[in-house]
$ cat my_file36.txt   # compact mmCIF, C-alpha atoms
# COMPACT_ATOMS: atom_id res chain seq x y z
CA MET A 253 171.43 99.32 53.38
CA ALA A 254 170.18 95.75 53.60
CA THR A 255 166.51 95.18 54.19
CA GLN A 256 165.62 92.70 56.91
CA HIS A 257 162.95 90.17 56.09
CA PRO A 258 161.67 88.69 59.32
CA SER A 259 160.47 85.12 59.10
CA SER A 260 156.74 84.51 59.23
CA ALA A 261 157.20 81.33 61.30
CA LEU A 262 156.22 81.62 64.93
CA PRO A 263 159.05 81.21 67.43
CA ALA A 264 159.14 77.94 69.31
CA PRO A 265 157.74 78.30 72.83
CA ALA A 266 160.28 78.13 75.62
CA ARG A 267 159.99 74.97 77.69
CA SER A 268 161.00 74.68 81.30
CA ALA A 269 163.20 71.84 82.45
CA ALA A 270 161.38 68.62 83.24
CA TYR A 271 160.62 68.13 86.91
CA PRO A 272 162.36 65.05 88.39
CA MET A 273 160.06 62.06 88.70
CA ALA A 274 160.13 59.51 91.49
CA LYS A 275 160.71 55.80 91.03
CA PRO A 276 157.71 53.82 89.72
CA GLY A 277 155.18 53.43 92.53
CA TYR A 278 156.52 56.40 94.52
CA GLY A 279 155.86 60.14 94.44
CA LYS A 280 152.73 62.27 94.17
CA ARG A 281 149.23 60.79 93.93
CA SER A 282 146.21 63.00 93.28
CA ALA A 283 143.14 62.41 95.44
CA PRO A 284 139.79 62.04 93.63
CA ASP A 285 136.83 64.45 93.42
CA GLN A 286 138.83 67.67 93.51
CA GLN A 287 137.33 70.98 92.50
CA ALA A 288 138.47 72.72 89.34
CA ARG A 289 141.42 75.10 89.55
CA THR A 290 140.59 78.75 90.23
CA GLN A 291 142.61 81.86 90.97
CA ASN A 292 141.41 81.75 94.59
CA ASP A 293 142.92 78.35 95.37
CA PHE A 294 144.88 78.38 98.65
CA ALA A 295 143.88 82.02 99.24
CA LEU A 296 143.45 81.45 102.98
CA LEU A 297 146.96 80.08 103.42
CA PRO A 298 150.00 82.17 104.37
CA THR A 299 152.27 83.38 101.58
CA ARG A 300 154.87 80.65 101.87
CA GLU A 301 152.35 77.80 102.10
CA ARG A 302 150.35 79.26 99.22
CA TYR A 303 153.51 79.40 97.10
CA VAL A 304 154.46 75.77 97.85
CA ALA A 305 150.88 74.53 97.41
CA GLY A 306 150.53 76.17 94.01
CA PHE A 307 153.75 74.54 92.84
CA VAL A 308 152.85 71.07 94.14
CA ASP A 309 149.34 71.27 92.70
CA HIS A 310 150.69 71.59 89.14
CA LEU A 311 153.11 68.65 89.44
CA PRO A 312 152.14 65.49 87.57
CA ASP A 313 151.36 62.24 89.35
CA GLY A 314 154.55 60.35 90.12
CA ALA A 315 156.61 63.51 90.69
CA ALA A 316 159.25 63.35 93.42
CA MET A 317 157.91 64.87 96.64
CA SER A 318 160.91 64.75 98.96
CA VAL A 319 161.84 67.91 100.81
CA LYS A 320 165.27 67.99 99.19
CA THR A 321 163.84 67.75 95.66
CA LEU A 322 161.25 70.46 96.28
CA ALA A 323 163.86 72.77 97.79
CA LYS A 324 166.01 72.41 94.66
CA GLN A 325 163.07 73.42 92.47
CA LEU A 326 161.76 76.31 94.60
CA PRO A 327 164.34 79.12 94.70
CA LEU A 328 162.78 81.18 97.50
CA TYR A 329 162.94 78.66 100.35
CA GLY A 330 165.31 76.07 101.73
CA GLN A 331 164.69 72.58 103.02
CA GLN A 332 163.66 73.65 106.53
CA ALA A 333 161.12 76.14 105.19
CA ILE A 334 159.73 73.58 102.72
CA SER A 335 159.39 70.99 105.49
CA THR A 336 157.50 73.46 107.68
CA ALA A 337 155.26 74.43 104.76
CA LEU A 338 154.39 70.79 104.01
CA THR A 339 153.50 70.29 107.68
CA ALA A 340 151.17 73.28 107.52
CA LEU A 341 149.60 71.96 104.30
CA SER A 342 149.00 68.62 106.01
CA VAL A 343 147.26 70.35 108.91
CA ALA A 344 145.20 72.36 106.41
CA GLY A 345 143.99 69.08 104.84
CA HIS A 346 145.77 69.20 101.49
CA LEU A 347 148.19 66.26 101.73
CA ARG A 348 148.95 63.01 103.51
CA ARG A 349 152.15 60.98 103.39
CA VAL A 350 151.58 57.21 103.13
CA ARG A 351 153.76 54.12 103.01
CA SER A 352 152.41 50.92 101.41
CA ALA A 353 153.81 47.39 101.72
CA VAL A 354 154.44 45.69 98.37
CA VAL A 355 155.33 42.03 97.99
CA GLY A 356 158.66 41.55 96.22
CA ALA A 357 160.57 38.48 95.13
CA GLY A 358 159.93 35.49 97.37
CA ASP A 359 159.04 36.57 100.90
CA GLU A 360 160.58 40.01 100.50
CA ILE A 361 158.37 42.95 101.46
CA ARG A 362 159.39 46.46 100.53
CA TRP A 363 157.74 49.77 101.40
CA VAL A 364 156.61 52.25 98.76
CA PHE A 365 156.31 55.87 99.88
CA ARG A 366 153.65 58.12 98.35
CA THR A 367 152.23 61.58 98.96
CA PHE A 368 148.50 61.95 98.36
CA TRP A 369 147.56 65.50 97.34
CA SER A 370 144.19 67.24 97.25
CA ARG A 371 143.71 70.76 95.94
CA THR A 372 140.44 70.81 97.88
CA ALA A 373 141.08 70.83 101.62
CA ARG A 374 139.75 67.69 103.34
CA ASP A 375 139.07 66.95 106.98
CA ASN A 376 140.43 63.99 108.92
CA GLU A 377 137.27 61.89 108.45
CA TRP A 378 137.51 62.21 104.66
CA TRP A 379 141.19 61.25 104.61
CA ASN A 380 140.61 58.27 106.92
CA THR A 381 137.78 56.99 104.73
CA TYR A 382 139.75 57.49 101.53
CA LEU A 383 142.87 55.73 102.83
CA ALA A 384 140.74 52.87 104.17
CA THR A 385 139.25 52.51 100.68
CA GLU A 386 142.74 52.50 99.17
CA GLN A 387 143.83 49.77 101.56
CA ALA A 388 140.76 47.67 100.78
CA ALA A 389 141.41 48.06 97.05
CA GLN A 390 145.01 46.93 97.48
CA ALA A 391 143.94 43.92 99.55
CA ALA A 392 141.39 42.90 96.91
CA ALA A 393 143.79 43.33 94.01
CA PRO A 394 145.96 40.30 93.15
CA ALA A 395 149.44 40.57 94.62
CA PRO A 396 152.18 41.11 92.03
CA GLU A 397 153.97 37.81 91.61
CA ALA A 398 157.72 37.87 91.75
CA PRO A 399 159.54 35.90 89.06
CA ALA A 400 160.04 32.38 90.38
CA LEU A 401 162.07 29.46 89.17
CA ASP A 402 160.07 27.36 86.74
CA THR A 403 160.74 23.74 87.65
CA ALA A 404 159.46 22.54 84.32
CA SER A 405 162.00 24.35 82.21
CA ALA A 406 165.68 25.02 82.49
CA PRO A 407 166.79 28.60 83.25
CA PRO A 408 168.35 30.57 80.39
CA ARG A 409 172.09 30.21 80.26
CA ALA A 410 174.65 32.89 79.68
CA PRO A 411 176.11 33.17 76.20
CA ALA A 412 179.32 31.52 77.43
CA GLU A 413 177.33 28.46 78.48
CA GLN A 414 175.55 27.88 75.16
CA PRO A 415 176.52 24.53 73.62
CA SER A 416 178.91 24.89 70.76
CA PRO A 417 177.62 23.77 67.35
CA PRO A 418 178.85 20.33 66.18
CA PRO A 419 181.71 20.35 63.71
CA PRO A 420 180.72 19.86 60.09
CA GLY A 421 181.10 16.36 58.84
CA PRO A 422 179.22 13.15 58.20
CA GLU A 423 178.03 13.06 61.83
CA SER A 424 176.21 16.42 61.53
CA SER A 425 173.17 14.88 59.84
CA ARG A 426 172.95 12.29 62.62
CA THR A 427 173.17 14.98 65.28
CA GLU A 428 170.36 16.95 63.70
CA ARG A 429 168.13 13.88 63.76
CA THR A 430 168.91 12.84 67.32
CA THR A 431 168.41 16.32 68.81
CA GLU A 432 164.66 16.03 68.23
CA PRO A 433 162.87 15.18 71.54
CA THR A 434 161.44 11.68 71.63
CA ALA A 435 158.67 10.30 73.82
CA VAL A 436 159.96 8.30 76.78
CA PRO A 437 158.04 5.02 77.36
CA HIS A 438 157.24 3.59 80.78
CA GLN A 439 160.52 2.62 82.40
CA ARG A 440 161.68 0.63 85.38
CA THR A 441 162.38 3.47 87.82
CA PRO A 442 160.52 2.75 91.13
CA ASP A 443 158.38 5.29 92.99
CA ARG A 444 158.61 7.99 90.39
CA ALA A 445 156.47 11.08 90.56
CA PRO A 446 153.56 11.68 88.15
CA ASP A 447 155.22 14.74 86.62
CA ILE A 448 157.99 12.68 85.03
CA GLU A 449 155.57 10.72 82.85
CA PRO A 450 156.04 11.42 79.16
CA ALA A 451 153.71 14.06 77.77
CA PRO A 452 151.11 12.69 75.34
CA PRO A 453 151.66 13.62 71.72
CA ALA A 454 149.88 16.68 70.45
CA PRO A 455 146.70 15.99 68.50
CA GLY A 456 147.25 15.61 64.81
CA THR A 457 150.91 14.62 65.14
CA ALA A 458 152.37 11.22 64.51
CA PRO A 459 153.99 9.43 67.46
CA ALA A 460 157.72 9.93 67.58
CA THR A 461 159.85 6.97 66.63
CA PRO A 462 163.47 6.46 67.63
CA ALA A 463 166.11 7.13 65.04
CA PRO A 464 167.17 4.02 63.14
CA ASP A 465 170.76 4.44 64.26
CA ALA A 466 169.93 4.99 67.96
CA GLU A 467 171.81 2.86 70.46
CA PRO A 468 169.99 -0.32 71.51
CA HIS A 469 170.62 0.41 75.22
CA SER A 470 168.58 3.64 75.13
CA ALA A 471 165.38 1.71 74.38
CA GLY A 472 165.31 0.22 77.88
CA ALA A 473 167.11 2.98 79.78
CA SER A 474 165.53 4.70 82.76
CA PRO A 475 164.63 8.41 82.74
CA ALA A 476 167.51 9.07 85.13
CA TYR A 477 169.98 7.38 82.77
CA LEU A 478 168.62 9.25 79.76
CA ALA A 479 168.78 12.57 81.62
CA LEU A 480 172.44 11.99 82.41
CA ALA A 481 173.21 10.86 78.88
CA ARG A 482 171.64 13.99 77.42
CA LEU A 483 173.68 16.38 79.59
CA GLY A 484 176.42 16.46 76.98
CA ARG A 485 173.87 17.39 74.34
CA ASP A 486 172.76 20.38 76.43
CA ASP A 487 176.30 21.39 77.33
CA HIS A 488 179.45 19.77 75.97
CA ARG A 489 181.30 20.37 79.25
CA LEU A 490 179.16 17.67 80.93
CA THR A 491 179.54 14.92 78.35
CA LEU A 492 179.33 11.57 80.18
CA SER A 493 180.21 8.11 78.93
CA ALA A 494 177.90 5.11 79.20
CA ASP A 495 179.84 3.85 82.24
CA ASP A 496 179.60 7.29 83.87
CA CYS A 497 175.82 7.34 83.37
CA ALA A 498 175.54 3.83 84.86
CA VAL A 499 177.54 4.91 87.94
CA LEU A 500 175.41 8.05 88.51
CA GLU A 501 172.05 6.53 87.52
CA ALA A 502 171.03 5.48 91.05
CA ARG A 503 171.76 8.90 92.52
CA ALA A 504 169.89 10.71 89.74
CA ALA A 505 166.96 8.33 90.25
CA GLN A 506 166.77 9.53 93.87
CA TRP A 507 166.07 13.04 92.55
CA LEU A 508 163.21 11.79 90.40
CA ALA A 509 161.85 9.71 93.27
CA ARG A 510 161.59 12.89 95.34
CA GLY A 511 159.12 14.42 92.92
CA VAL A 512 161.23 16.59 90.61
CA SER A 513 161.01 16.43 86.84
CA VAL A 514 163.71 15.46 84.37
CA ASP A 515 163.89 19.05 83.13
CA TYR A 516 164.44 20.29 86.69
CA LEU A 517 167.21 17.74 87.18
CA THR A 518 168.87 18.85 83.95
CA SER A 519 168.64 22.53 84.79
CA ALA A 520 170.06 21.98 88.29
CA LEU A 521 173.07 20.13 86.88
CA THR A 522 173.81 22.55 84.02
CA ALA A 523 173.13 25.92 85.66
CA GLY A 524 176.12 28.14 86.43
CA LEU A 525 178.85 25.91 85.07
CA PRO A 526 182.47 27.03 85.36
CA ALA A 527 184.37 27.91 82.23
CA GLN A 528 186.09 24.51 82.20
CA VAL A 529 185.03 21.20 83.76
CA ASP A 530 188.02 18.89 84.09
CA SER A 531 186.07 15.85 85.30
CA PRO A 532 182.41 15.70 84.21
CA LEU A 533 181.86 12.54 86.27
CA GLY A 534 183.17 14.09 89.47
CA PHE A 535 181.41 17.39 88.84
CA VAL A 536 178.00 15.79 88.25
CA ARG A 537 178.43 13.43 91.22
CA ARG A 538 179.18 16.39 93.49
CA ARG A 539 176.16 18.35 92.24
CA LEU A 540 173.85 15.38 92.63
CA ALA A 541 174.92 15.11 96.26
CA ASP A 542 175.03 18.80 97.18
CA LYS A 543 171.78 19.87 95.47
CA MET A 544 169.62 16.90 96.42
CA PRO A 545 166.02 18.20 96.74
CA PRO A 546 164.07 17.63 99.97
CA ARG A 547 161.97 14.51 100.31
CA LEU A 548 158.25 15.02 99.75
CA PRO A 549 155.83 13.83 102.46
CA ALA A 550 154.47 10.31 102.05
CA GLU A 551 151.04 9.74 100.56
CA GLY A 552 148.28 10.13 103.13
CA THR A 553 150.31 12.57 105.23
CA PRO A 554 148.64 15.99 105.18
CA ALA A 555 150.98 18.40 103.49
CA ALA A 556 151.81 21.59 105.27
CA SER A 557 149.47 24.34 104.21
CA PRO A 558 151.20 27.07 102.23
CA ALA A 559 152.05 30.18 104.14
CA PRO A 560 149.42 32.87 103.60
CA ALA A 561 150.45 35.74 101.41
CA PRO A 562 151.52 38.74 103.48
CA THR A 563 148.83 41.36 103.79
CA ARG A 564 149.66 44.52 101.97
CA ARG A 565 149.35 47.20 104.59
CA LEU A 566 148.92 50.91 104.10
CA LEU A 567 150.23 53.20 106.82
CA MET A 568 150.16 56.95 107.07
CA GLU A 569 153.33 58.84 107.92
CA CYS A 570 153.70 61.87 110.10
CA THR A 571 154.32 64.71 107.66
CA ASP A 572 156.82 66.29 110.02
CA CYS A 573 158.91 63.43 111.46
CA GLY A 574 157.90 60.47 109.25
CA ARG A 575 156.68 58.25 112.10
CA PRO A 576 154.26 55.61 110.68
CA GLY A 577 150.85 54.84 112.13
CA GLN A 578 147.21 54.22 111.36
CA PRO A 579 145.33 57.17 109.82
CA GLU A 580 143.11 57.43 112.90
CA ALA A 581 146.17 57.88 115.11
CA LEU A 582 147.58 60.73 113.01
CA PRO A 583 144.98 63.50 112.83
CA ASP A 584 146.02 66.33 110.52
CA GLY A 585 148.75 63.96 109.29
CA LEU A 586 150.85 64.54 112.44
CA CYS A 587 151.82 62.28 115.32
CA ARG A 588 151.10 63.35 118.87
CA PRO A 589 154.51 64.95 119.66
CA CYS A 590 154.62 66.85 116.36
CA ARG A 591 150.99 67.92 116.74
CA ALA A 592 151.72 69.26 120.21
CA SER A 593 154.80 71.08 118.93
CA HIS A 594 152.89 72.51 115.98
CA SER A 595 149.98 73.61 118.18
CA GLY A 596 152.37 75.16 120.65
CA SER A 597 153.99 77.27 117.95
CA VAL A 598 150.92 78.52 116.12
CA GLY A 599 147.87 77.60 118.22
CA GLU A 600 145.87 80.25 120.07
CA GLU A 601 144.78 77.87 122.83
CA ASN A 602 148.22 78.15 124.46
CA LEU A 603 148.15 81.93 124.65
CA PRO A 604 147.78 83.31 128.25
CA HIS A 605 144.40 84.61 129.35
CA PRO A 606 144.09 88.44 129.57
CA ALA A 607 143.22 88.17 133.27
CA ASP A 608 146.47 86.29 133.91
CA ILE A 609 148.39 88.99 132.07
CA ALA A 610 146.80 91.68 134.27
CA ASP A 611 147.66 89.78 137.44
CA VAL A 612 151.29 89.43 136.37
CA LYS A 613 151.52 93.15 135.61
CA ALA A 614 150.02 94.06 138.99
CA HIS A 615 152.45 91.75 140.77
CA MET A 616 155.43 93.27 138.95
CA ASN A 617 154.27 96.80 139.82
CA ASN A 618 153.98 95.80 143.46
CA LEU A 619 157.54 94.44 143.42
CA ARG A 620 158.85 97.66 141.89
CA ASP A 621 157.12 99.69 144.62
CA LEU A 622 158.72 97.59 147.31
CA LEU A 623 162.17 98.07 145.80
CA LYS A 624 161.95 101.84 145.71
CA PRO A 625 164.07 103.64 148.34
CA VAL A 626 162.15 105.17 151.20
$ encode --input "my_file36.txt" --output "structure tokens"
Amino acid sequence: MATQHPSSALPAPARSAAYPMAKPGYGKRSAPDQQARTQNDFALLPTRERYVAGFVDHLPDGAAMSVKTLAKQLPLYGQQAISTALTALSVAGHLRRVRSAVVGAGDEIRWVFRTFWSRTARDNEWWNTYLATEQAAQAAAPAPEAPALDTASAPPRAPAEQPSPPPPGPESSRTERTTEPTAVPHQRTPDRAPDIEPAPPAPGTAPATPAPDAEPHSAGASPAYLALARLGRDDHRLTLSADDCAVLEARAAQWLARGVSVDYLTSALTAGLPAQVDSPLGFVRRRLADKMPPRLPAEGTPAASPAPAPTRRLLMECTDCGRPGQPEALPDGLCRPCRASHSGSVGEENLPHPADIADVKAHMNNLRDLLKPV
């Protein structure tokens, strides 16, 4: 008979499945200054509400708090029962549902939905003060900036749009030398904006000098002409000849006269190119016409003040129906119709007075006596 030798290693503890988390910014949020957990927490609540409250209290911050998600995790009750229990917990002062406006990309404003939870029951005054503090903190915090187009640098291109490397040969050494950026001297373009001036050389570096084999025409070319000539270096599909650059120079100079930089002009012409450009001259001419930037106001004209950043609002939601409103307008976390419905179902103030019950009974007895046969 074989002798069993049990292992001395302790068995691995069983782990429950991870609770589903909400999207970043959504879900459960714990209120501050809560009392420590005890075995008597939620002892005054009914059985169902005590069961749901104990489960929600142990969820981590950021956990999904929708009725459907909670019903999937709690086997004893369905969605209707969970919704009713959350309404009762809101009336008892344990939770508030809140929606907060968050600034997105550009002028987009999206709403983030959160559920604030407190193991310690709070009254309406405490919740109103706390939510007002949260709103003030959000208003004081810097708004998250959406990624915007940087006009000083060209947007990243897709891999298909990357310029192909030059073929090996005697011209490769020349290409490597001419791809280095060179300082652009003062040119003859009229009414150009200050941001197209060449950047001063970094301290400690020698001033750039043109390559010995550079074309003589480039020494006196305008920034618009040079920008057009360098399109083919950025993307071979937009290679322009000297005559093409001379034809398009005036139209490109209009862009620079309207206050945009050379890098912005280059990025606008090279962004989102098709797989094949049959006529670089026609393609660039069309883009210069279709994407012409707006004209800046003349000097001395007061520029329009920038639109103020939208205020990030914080609204409470009715726990039962989800109707938004200010915290003061939603006592117990319920709107007026839901509060009346909830009070009518469980409140004692709507019960009939004992004297009225006695009068009704006496009236019914009198009717029975009148209906009896003589």
$ residues_around --input "my_file36.txt" --residues "segment 342-354 of chain A" --least-positions-apart "3" --cutoff "7 Å" --atoms "only C-alpha atoms" --output "list in words"
Leu338, Thr339, Ile361, Arg362, Trp363, Val364, Phe365, Arg366, Thr367, Phe368, Trp369, Ser370, Arg371, Thr372, Ala373, Arg374, Asp375, Arg564, Arg565, Leu566, Leu567, Met568, Glu569, Cys570, Thr571, Asp584 and Gly585 of chain A
$ residues_near_point --input "my_file36.txt" --point "(151.4, 72.1, 113.5)" --cutoff "7 Å" --atoms "only C-alpha atoms" --output "list of chain:residue names"
A:Thr339, A:Ala340, A:Val343, A:Cys590, A:Arg591, A:Ser593, A:His594, A:Ser595, A:Val598
$ closest_residue --input "my_file36.txt" --among "A:Asp542, A:Gln331, A:Gln390, A:Asp309" --to "Gln286 of chain A" --atoms "only C-alpha atoms"
A:Asp309
$ closest_residue --input "my_file36.txt" --among "A:His310, A:Arg539, A:Arg302, A:Arg547" --to "Arg289 of chain A" --atoms "only C-alpha atoms"
A:His310
$ atom_distance --input "my_file36.txt" --atom1 "atom CA of Leu322 of chain A" --atom2 "atom CA of Asp285 of chain A"
25.3 Å
$ atom_distance --input "my_file36.txt" --atom1 "atom CA of Glu386 of chain A" --atom2 "atom CA of Ser335 of chain A"
25.7 Å
$ closest_residue --input "my_file36.txt" --among "A:Trp378, A:Tyr271, A:Phe294, A:Tyr329" --to "Asp313 of chain A" --atoms "all atoms listed in the file"
A:Tyr271
$ residues_near_point --input "my_file36.txt" --point "(167.2, 70.8, 91.5)" --cutoff "12 Å" --atoms "only C-alpha atoms" --output "MDAnalysis selection string"
chainID A and resid 269:273 316 318:327 330:331
$ atom_distance --input "my_file36.txt" --atom1 "atom CA of Thr336 of chain A" --atom2 "atom CA of Pro284 of chain A"
25.3 Å
$ closest_residue --input "my_file36.txt" --among "A:Asp293, A:Glu580, A:Asp608, A:Asp621" --to "Asn376 of chain A" --atoms "all atoms listed in the file"
A:Glu580
